[in-house]
Amino acid sequence: VMAGYVDVICFVRYGAFAVTQTGNLIFIGREIEAWIFRRCPSGGAVGTPMFSDECGAQAAGQILYSLVVMVSSLLGAYAYCAVQERYPKTTASLAAGTLSLLTLASDLIVSIDQQDTPSKSMGARWRLSGLGESTKWSVCLVAFSLGAVHFLSNTAKNSQLKAPAFAVTGHMHKCVQALWDITAGRELPAERQAAVVQSLGIVVTMGIGALLGAVALQLNPFDHLNDGDAWLLVPVAFVQYVVLRAHDWLIEPPGGWSAAFTEPLTADTGTSNAPNGGRDVAGARADPDVKVCACSLSGP
């Protein structure tokens with residue numbers, strides 16, 4: 001739900017996607033063409049020629065803007081890796097407060113610096129709802145925050161989700177494959193049925209989230225400047241905090257809670273708690289397959 005909701009809000013507000021980086025990459029490709037040929041966006045300002053140096057500069061600005069948003073999302077994932085390296089089993093709960101505050105900060109910046117002017121760098125392709133030219137960069141805070149959450153849902157070690165909750169194409173393909181198998185008379189194992197239900201749920205809830213975002217833009221109770229998008233990311237920050245905390249605290253990690261607070265992530269050796277890091281007295285790596293037996297010898 002959160003992914004669809006956020007992307008609708010951010011596309012209308014900022015002219016960029018905070019969650020779906022595929023969309024930003026497509027924008028970059030389109031703007032590279034506009035920059036090369038100095039082409040203005042269709043429907044440009046009255047009196048602006050369709051091809052000009054000014055149009056090329058606008059396209060270059062949009063390329064930079066979309067690229068920075070993408071990099072911000074990647075930095076969020078990178079930062080999550082850094083925290084995970086030190087606290088592998090409580091990463092989500094430790095990051096919950098900071099990531100939620102970043103999402104909330106974006107709303108705060110927008111509320112402080114709202115101006116009823118279109119963005120010059122965006123041309124007439126989008127209209128930033130009440131945003132000044134510099135305020136649009138606050139989307140990078142949201143991209144960083146949700147980039148970390150997206151990484152958790154799909155790639156992070158010790159993730160309880162292991163499914164890309166912010167992308168639906170793969171989930172739709174999984175549902176189609178299951179439909180084909182059913183129509184071909186094949187029985188789906190229980191584990192695969194659960195995976196298909198999860199995928200179907202992600203597809204449906206993302207659509208519901210997008211619908212909620214569109215409705216929120218129309219019925220926003222905090223809309224005092226008739227721009228429609230003030231404070232709409234506040235519920236996202238709240239949900240984000242709750243979900244991240246719940247990820248770690250509702251499911252006991254392997255090894256129990258005491259190990260979760262103290263055990264660092266190690267490089268696939270499983271010997272972090274062993275004396276000398278799993279090495280013998282001479283400094284050589286101990287063979288994990290060798291069983292050591294302590295015996296007592298008795299004699300006359």
# chains A, B, ... in the order shown; residues from 1 in each chain; ligands from 1

$ select_by_dssp --residues "segment 8-84 of chain A" --states "helix (DSSP H, G or I)" --output "number ranges by chain"
A: 8-14, 21-37, 53-84

$ residues_around --residues "segment 23-31 of chain A" --least-positions-apart "6" --cutoff "8 Å" --atoms "only C-alpha atoms" --output "PyMOL selection string"
chain A and resi 16-17+59-60+62-63+66-67+69-70
